[in-house]
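Shown next: protein.pdb, given as PDB, C-alpha atoms.
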```pdb
ATOM      1  CA  MET A 433     165.142  73.747  41.570  1.00  0.00           C
ATOM      2  CA  ALA A 434     167.708  74.886  44.144  1.00  0.00           C
ATOM      3  CA  ASP A 435     170.182  75.677  41.360  1.00  0.00           C
ATOM      4  CA  GLU A 436     167.592  77.837  39.607  1.00  0.00           C
ATOM      5  CA  ALA A 437     166.883  79.755  42.810  1.00  0.00           C
ATOM      6  CA  GLU A 438     170.617  80.242  43.359  1.00  0.00           C
ATOM      7  CA  LEU A 439     171.001  81.464  39.773  1.00  0.00           C
ATOM      8  CA  GLU A 440     168.211  84.005  40.274  1.00  0.00           C
ATOM      9  CA  ARG A 441     169.758  85.195  43.549  1.00  0.00           C
ATOM     10  CA  LEU A 442     173.207  85.587  41.997  1.00  0.00           C
ATOM     11  CA  THR A 443     171.806  87.371  38.955  1.00  0.00           C
ATOM     12  CA  ALA A 444     169.884  89.815  41.154  1.00  0.00           C
ATOM     13  CA  ARG A 445     173.040  90.453  43.209  1.00  0.00           C
ATOM     14  CA  ARG A 446     174.984  91.097  40.001  1.00  0.00           C
ATOM     15  CA  VAL A 447     172.384  93.629  38.823  1.00  0.00           C
ATOM     16  CA  THR A 448     172.682  95.471  42.144  1.00  0.00           C
ATOM     17  CA  LEU A 449     176.473  95.605  41.879  1.00  0.00           C
ATOM     18  CA  ILE A 450     176.326  96.844  38.272  1.00  0.00           C
ATOM     19  CA  TYR A 451     173.919  99.571  39.410  1.00  0.00           C
ATOM     20  CA  ARG A 452     176.361 100.605  42.142  1.00  0.00           C
ATOM     21  CA  LEU A 453     179.222 100.684  39.639  1.00  0.00           C
ATOM     22  CA  ASP A 454     177.113 102.917  37.418  1.00  0.00           C
ATOM     23  CA  LEU A 455     176.500 105.281  40.322  1.00  0.00           C
ATOM     24  CA  ILE A 456     180.226 105.417  41.028  1.00  0.00           C
ATOM     25  CA  ALA A 457     180.898 106.168  37.347  1.00  0.00           C
ATOM     26  CA  LYS A 458     178.443 109.069  37.636  1.00  0.00           C
ATOM     27  CA  GLY A 459     180.370 110.486  40.578  1.00  0.00           C
ATOM     28  CA  ALA A 460     178.495 109.142  43.590  1.00  0.00           C
ATOM     29  CA  GLN A 461     180.222 109.505  46.925  1.00  0.00           C
ATOM     30  CA  ILE A 462     179.402 107.366  49.945  1.00  0.00           C
ATOM     31  CA  THR A 463     180.447 107.706  53.531  1.00  0.00           C
ATOM     32  CA  TYR A 464     180.689 105.437  56.527  1.00  0.00           C
ATOM     33  CA  ASP A 465     178.262 105.931  59.423  1.00  0.00           C
ATOM     34  CA  ASP A 466     180.760 108.261  61.108  1.00  0.00           C
ATOM     35  CA  GLY A 467     180.914 110.501  58.021  1.00  0.00           C
ATOM     36  CA  THR A 468     184.313 109.327  56.797  1.00  0.00           C
ATOM     37  CA  PRO A 469     184.299 109.182  52.986  1.00  0.00           C
ATOM     38  CA  VAL A 470     184.732 105.777  51.359  1.00  0.00           C
ATOM     39  CA  ASP A 471     187.674 105.476  48.956  1.00  0.00           C
ATOM     40  CA  MET A 472     185.632 105.199  45.765  1.00  0.00           C
ATOM     41  CA  ALA A 473     188.508 103.810  43.686  1.00  0.00           C
ATOM     42  CA  SER A 474     188.852 100.926  46.131  1.00  0.00           C
ATOM     43  CA  GLU A 475     185.092 100.437  46.235  1.00  0.00           C
ATOM     44  CA  LYS A 476     184.953 100.368  42.439  1.00  0.00           C
ATOM     45  CA  ALA A 477     187.729  97.764  42.307  1.00  0.00           C
ATOM     46  CA  ARG A 478     185.996  95.674  44.979  1.00  0.00           C
ATOM     47  CA  LEU A 479     182.692  95.754  43.105  1.00  0.00           C
ATOM     48  CA  GLU A 480     184.357  94.882  39.782  1.00  0.00           C
ATOM     49  CA  THR A 481     186.059  91.897  41.423  1.00  0.00           C
ATOM     50  CA  GLU A 482     182.763  90.761  42.908  1.00  0.00           C
ATOM     51  CA  VAL A 483     180.970  91.090  39.547  1.00  0.00           C
ATOM     52  CA  ALA A 484     183.678  88.968  37.899  1.00  0.00           C
ATOM     53  CA  ARG A 485     183.315  86.344  40.650  1.00  0.00           C
ATOM     54  CA  LEU A 486     179.538  86.322  40.216  1.00  0.00           C
ATOM     55  CA  ASP A 487     179.933  86.012  36.440  1.00  0.00           C
ATOM     56  CA  ARG A 488     182.003  82.849  36.956  1.00  0.00           C
ATOM     57  CA  ARG A 489     179.485  81.391  39.405  1.00  0.00           C
ATOM     58  CA  ILE A 490     176.545  82.268  37.148  1.00  0.00           C
ATOM     59  CA  ASP A 491     178.313  80.681  34.180  1.00  0.00           C
ATOM     60  CA  ALA A 492     179.028  77.505  36.155  1.00  0.00           C
ATOM     61  CA  LEU A 493     175.425  77.252  37.347  1.00  0.00           C
ATOM     62  CA  THR A 494     174.112  77.876  33.847  1.00  0.00           C
ATOM     63  CA  GLN A 495     176.297  75.029  32.570  1.00  0.00           C
ATOM     64  CA  THR A 496     174.834  72.616  35.150  1.00  0.00           C
ATOM     65  CA  LEU A 497     171.257  73.616  34.270  1.00  0.00           C
ATOM     66  CA  HIS A 498     171.688  72.877  30.569  1.00  0.00           C
TER      67      HIS A 498
END
```
Could you show the structure in this file as C-alpha cells?
Amino acid sequence: MADEAELERLTARRVTLIYRLDLIAKGAQITYDDGTPVDMASEKARLETEVARLDRRIDALTQTLH
C-alpha cells in the first residue's frame, strides 16, 4: 500500500516536471522573487535530470509491485 502511494506521488511529480519542461520549450521565462531572470538552460537541464531520476525510481517501484 505504501509503495503504491509512493508510486502515485512520484508519477504526479513527474507529470508536473514534464509540464514545466514543455513550458520551457515553448519559451516560458521565470524570475526569482527579486525579478532576476532564471537561467532557463540550467533549469531545463535540472528538470531533465530530475525526470530521469524519477523514471528510475518509478521503474524500481513498479518492479517491486509486480
Range 438-451 of chain A surroundings by all atoms listed in the file, 9 Å radius, close-in-sequence under 5 positions cut, as a PDB file with C-alpha atoms, keeping the file's coordinate frame:
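After the write, result.pdb holds the following:
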```pdb
ATOM      1  CA  MET A 433     165.142  73.747  41.570  1.00  0.00           C
ATOM      2  CA  ILE A 456     180.226 105.417  41.028  1.00  0.00           C
ATOM      3  CA  LEU A 479     182.692  95.754  43.105  1.00  0.00           C
ATOM      4  CA  GLU A 480     184.357  94.882  39.782  1.00  0.00           C
ATOM      5  CA  GLU A 482     182.763  90.761  42.908  1.00  0.00           C
ATOM      6  CA  VAL A 483     180.970  91.090  39.547  1.00  0.00           C
ATOM      7  CA  LEU A 486     179.538  86.322  40.216  1.00  0.00           C
ATOM      8  CA  ASP A 487     179.933  86.012  36.440  1.00  0.00           C
ATOM      9  CA  ARG A 489     179.485  81.391  39.405  1.00  0.00           C
ATOM     10  CA  ILE A 490     176.545  82.268  37.148  1.00  0.00           C
ATOM     11  CA  LEU A 493     175.425  77.252  37.347  1.00  0.00           C
ATOM     12  CA  THR A 494     174.112  77.876  33.847  1.00  0.00           C
TER      13      THR A 494
END
```
Task: Point-to-point distance from CA of Asp471 in chain A to CA of Arg485 in chain A, Å rounded to tenths - done: 21.3 Å
TODO: With only C-alpha atoms counted, which protein, DNA or RNA residues have an atom no more than 12 Å from (181.0, 110.9, 43.6) in the file frame? Please answer as a VMD selection string.
DONE: chain A and resid 452 to 463 469 to 473 475 to 476
Open item on the list: Would you compute the distance between CA of Gln495 in chain A and CA of Arg478 in chain A? Give it in Å to one decimal.
Closed with: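 Taking CA of Gln495 in chain A as the start and CA of Arg478 in chain A as the end point, the length is 26.0 Å.
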Because the input lacks atoms here, generate all heavy atoms for range 472-483 of chain A and report them as a PDB file, in the coordinates of the input.
```pdb
ATOM      1  N   MET A 472     186.461 105.685  46.868  1.00  0.00           N
ATOM      2  CA  MET A 472     185.632 105.199  45.765  1.00  0.00           C
ATOM      3  C   MET A 472     186.425 104.370  44.755  1.00  0.00           C
ATOM      4  O   MET A 472     185.875 103.468  44.139  1.00  0.00           O
ATOM      5  CB  MET A 472     184.913 106.366  45.085  1.00  0.00           C
ATOM      6  CG  MET A 472     183.943 107.103  46.016  1.00  0.00           C
ATOM      7  SD  MET A 472     182.782 106.029  46.903  1.00  0.00           S
ATOM      8  CE  MET A 472     181.684 105.566  45.593  1.00  0.00           C
ATOM      9  N   ALA A 473     187.692 104.630  44.592  1.00  0.00           N
ATOM     10  CA  ALA A 473     188.508 103.810  43.686  1.00  0.00           C
ATOM     11  C   ALA A 473     188.599 102.382  44.222  1.00  0.00           C
ATOM     12  O   ALA A 473     188.465 101.413  43.463  1.00  0.00           O
ATOM     13  CB  ALA A 473     189.897 104.415  43.516  1.00  0.00           C
ATOM     14  N   SER A 474     188.792 102.258  45.520  1.00  0.00           N
ATOM     15  CA  SER A 474     188.852 100.926  46.131  1.00  0.00           C
ATOM     16  C   SER A 474     187.496 100.240  46.065  1.00  0.00           C
ATOM     17  O   SER A 474     187.404  99.033  45.812  1.00  0.00           O
ATOM     18  CB  SER A 474     189.296 101.023  47.591  1.00  0.00           C
ATOM     19  OG  SER A 474     190.612 101.489  47.677  1.00  0.00           O
ATOM     20  N   GLU A 475     186.447 101.006  46.299  1.00  0.00           N
ATOM     21  CA  GLU A 475     185.092 100.437  46.235  1.00  0.00           C
ATOM     22  C   GLU A 475     184.775  99.970  44.823  1.00  0.00           C
ATOM     23  O   GLU A 475     184.205  98.897  44.625  1.00  0.00           O
ATOM     24  CB  GLU A 475     184.066 101.472  46.712  1.00  0.00           C
ATOM     25  CG  GLU A 475     182.646 100.982  46.737  1.00  0.00           C
ATOM     26  CD  GLU A 475     182.366  99.884  47.743  1.00  0.00           C
ATOM     27  OE1 GLU A 475     183.252  99.499  48.523  1.00  0.00           O
ATOM     28  OE2 GLU A 475     181.233  99.381  47.736  1.00  0.00           O
ATOM     29  N   LYS A 476     185.176 100.755  43.837  1.00  0.00           N
ATOM     30  CA  LYS A 476     184.953 100.368  42.439  1.00  0.00           C
ATOM     31  C   LYS A 476     185.704  99.073  42.122  1.00  0.00           C
ATOM     32  O   LYS A 476     185.142  98.149  41.527  1.00  0.00           O
ATOM     33  CB  LYS A 476     185.414 101.480  41.493  1.00  0.00           C
ATOM     34  CG  LYS A 476     185.235 101.145  40.033  1.00  0.00           C
ATOM     35  CD  LYS A 476     185.711 102.273  39.139  1.00  0.00           C
ATOM     36  CE  LYS A 476     185.504 101.866  37.695  1.00  0.00           C
ATOM     37  NZ  LYS A 476     186.637 102.175  36.864  1.00  0.00           N
ATOM     38  N   ALA A 477     186.940  98.973  42.549  1.00  0.00           N
ATOM     39  CA  ALA A 477     187.729  97.764  42.307  1.00  0.00           C
ATOM     40  C   ALA A 477     187.109  96.562  43.006  1.00  0.00           C
ATOM     41  O   ALA A 477     187.035  95.468  42.439  1.00  0.00           O
ATOM     42  CB  ALA A 477     189.168  97.973  42.779  1.00  0.00           C
ATOM     43  N   ARG A 478     186.623  96.767  44.233  1.00  0.00           N
ATOM     44  CA  ARG A 478     185.996  95.674  44.979  1.00  0.00           C
ATOM     45  C   ARG A 478     184.740  95.190  44.264  1.00  0.00           C
ATOM     46  O   ARG A 478     184.522  93.985  44.099  1.00  0.00           O
ATOM     47  CB  ARG A 478     185.646  96.152  46.398  1.00  0.00           C
ATOM     48  CG  ARG A 478     185.079  95.054  47.286  1.00  0.00           C
ATOM     49  CD  ARG A 478     184.594  95.607  48.603  1.00  0.00           C
ATOM     50  NE  ARG A 478     183.350  96.365  48.480  1.00  0.00           N
ATOM     51  CZ  ARG A 478     182.140  95.818  48.335  1.00  0.00           C
ATOM     52  NH1 ARG A 478     182.008  94.508  48.278  1.00  0.00           N
ATOM     53  NH2 ARG A 478     181.073  96.576  48.241  1.00  0.00           N
ATOM     54  N   LEU A 479     183.925  96.125  43.807  1.00  0.00           N
ATOM     55  CA  LEU A 479     182.692  95.754  43.105  1.00  0.00           C
ATOM     56  C   LEU A 479     182.994  95.049  41.783  1.00  0.00           C
ATOM     57  O   LEU A 479     182.324  94.077  41.423  1.00  0.00           O
ATOM     58  CB  LEU A 479     181.825  96.991  42.874  1.00  0.00           C
ATOM     59  CG  LEU A 479     181.226  97.635  44.122  1.00  0.00           C
ATOM     60  CD1 LEU A 479     180.507  98.928  43.757  1.00  0.00           C
ATOM     61  CD2 LEU A 479     180.302  96.690  44.856  1.00  0.00           C
ATOM     62  N   GLU A 480     183.990  95.531  41.048  1.00  0.00           N
ATOM     63  CA  GLU A 480     184.357  94.882  39.782  1.00  0.00           C
ATOM     64  C   GLU A 480     184.834  93.451  40.024  1.00  0.00           C
ATOM     65  O   GLU A 480     184.492  92.543  39.254  1.00  0.00           O
ATOM     66  CB  GLU A 480     185.424  95.694  39.069  1.00  0.00           C
ATOM     67  CG  GLU A 480     184.896  96.986  38.498  1.00  0.00           C
ATOM     68  CD  GLU A 480     185.975  97.911  37.982  1.00  0.00           C
ATOM     69  OE1 GLU A 480     187.153  97.789  38.373  1.00  0.00           O
ATOM     70  OE2 GLU A 480     185.632  98.782  37.157  1.00  0.00           O
ATOM     71  N   THR A 481     185.592  93.244  41.079  1.00  0.00           N
ATOM     72  CA  THR A 481     186.059  91.897  41.423  1.00  0.00           C
ATOM     73  C   THR A 481     184.882  90.998  41.771  1.00  0.00           C
ATOM     74  O   THR A 481     184.823  89.837  41.348  1.00  0.00           O
ATOM     75  CB  THR A 481     187.055  91.961  42.603  1.00  0.00           C
ATOM     76  OG1 THR A 481     188.172  92.744  42.206  1.00  0.00           O
ATOM     77  CG2 THR A 481     187.513  90.587  43.033  1.00  0.00           C
ATOM     78  N   GLU A 482     183.944  91.539  42.520  1.00  0.00           N
ATOM     79  CA  GLU A 482     182.763  90.761  42.908  1.00  0.00           C
ATOM     80  C   GLU A 482     181.899  90.423  41.693  1.00  0.00           C
ATOM     81  O   GLU A 482     181.383  89.316  41.578  1.00  0.00           O
ATOM     82  CB  GLU A 482     181.957  91.524  43.957  1.00  0.00           C
ATOM     83  CG  GLU A 482     180.754  90.790  44.476  1.00  0.00           C
ATOM     84  CD  GLU A 482     181.053  89.523  45.257  1.00  0.00           C
ATOM     85  OE1 GLU A 482     182.230  89.258  45.574  1.00  0.00           O
ATOM     86  OE2 GLU A 482     180.104  88.771  45.551  1.00  0.00           O
ATOM     87  N   VAL A 483     181.736  91.365  40.768  1.00  0.00           N
ATOM     88  CA  VAL A 483     180.970  91.090  39.547  1.00  0.00           C
ATOM     89  C   VAL A 483     181.645  89.973  38.749  1.00  0.00           C
ATOM     90  O   VAL A 483     180.972  89.066  38.249  1.00  0.00           O
ATOM     91  CB  VAL A 483     180.792  92.363  38.688  1.00  0.00           C
ATOM     92  CG1 VAL A 483     180.264  92.027  37.295  1.00  0.00           C
ATOM     93  CG2 VAL A 483     179.861  93.344  39.380  1.00  0.00           C
TER      94      VAL A 483
END
```
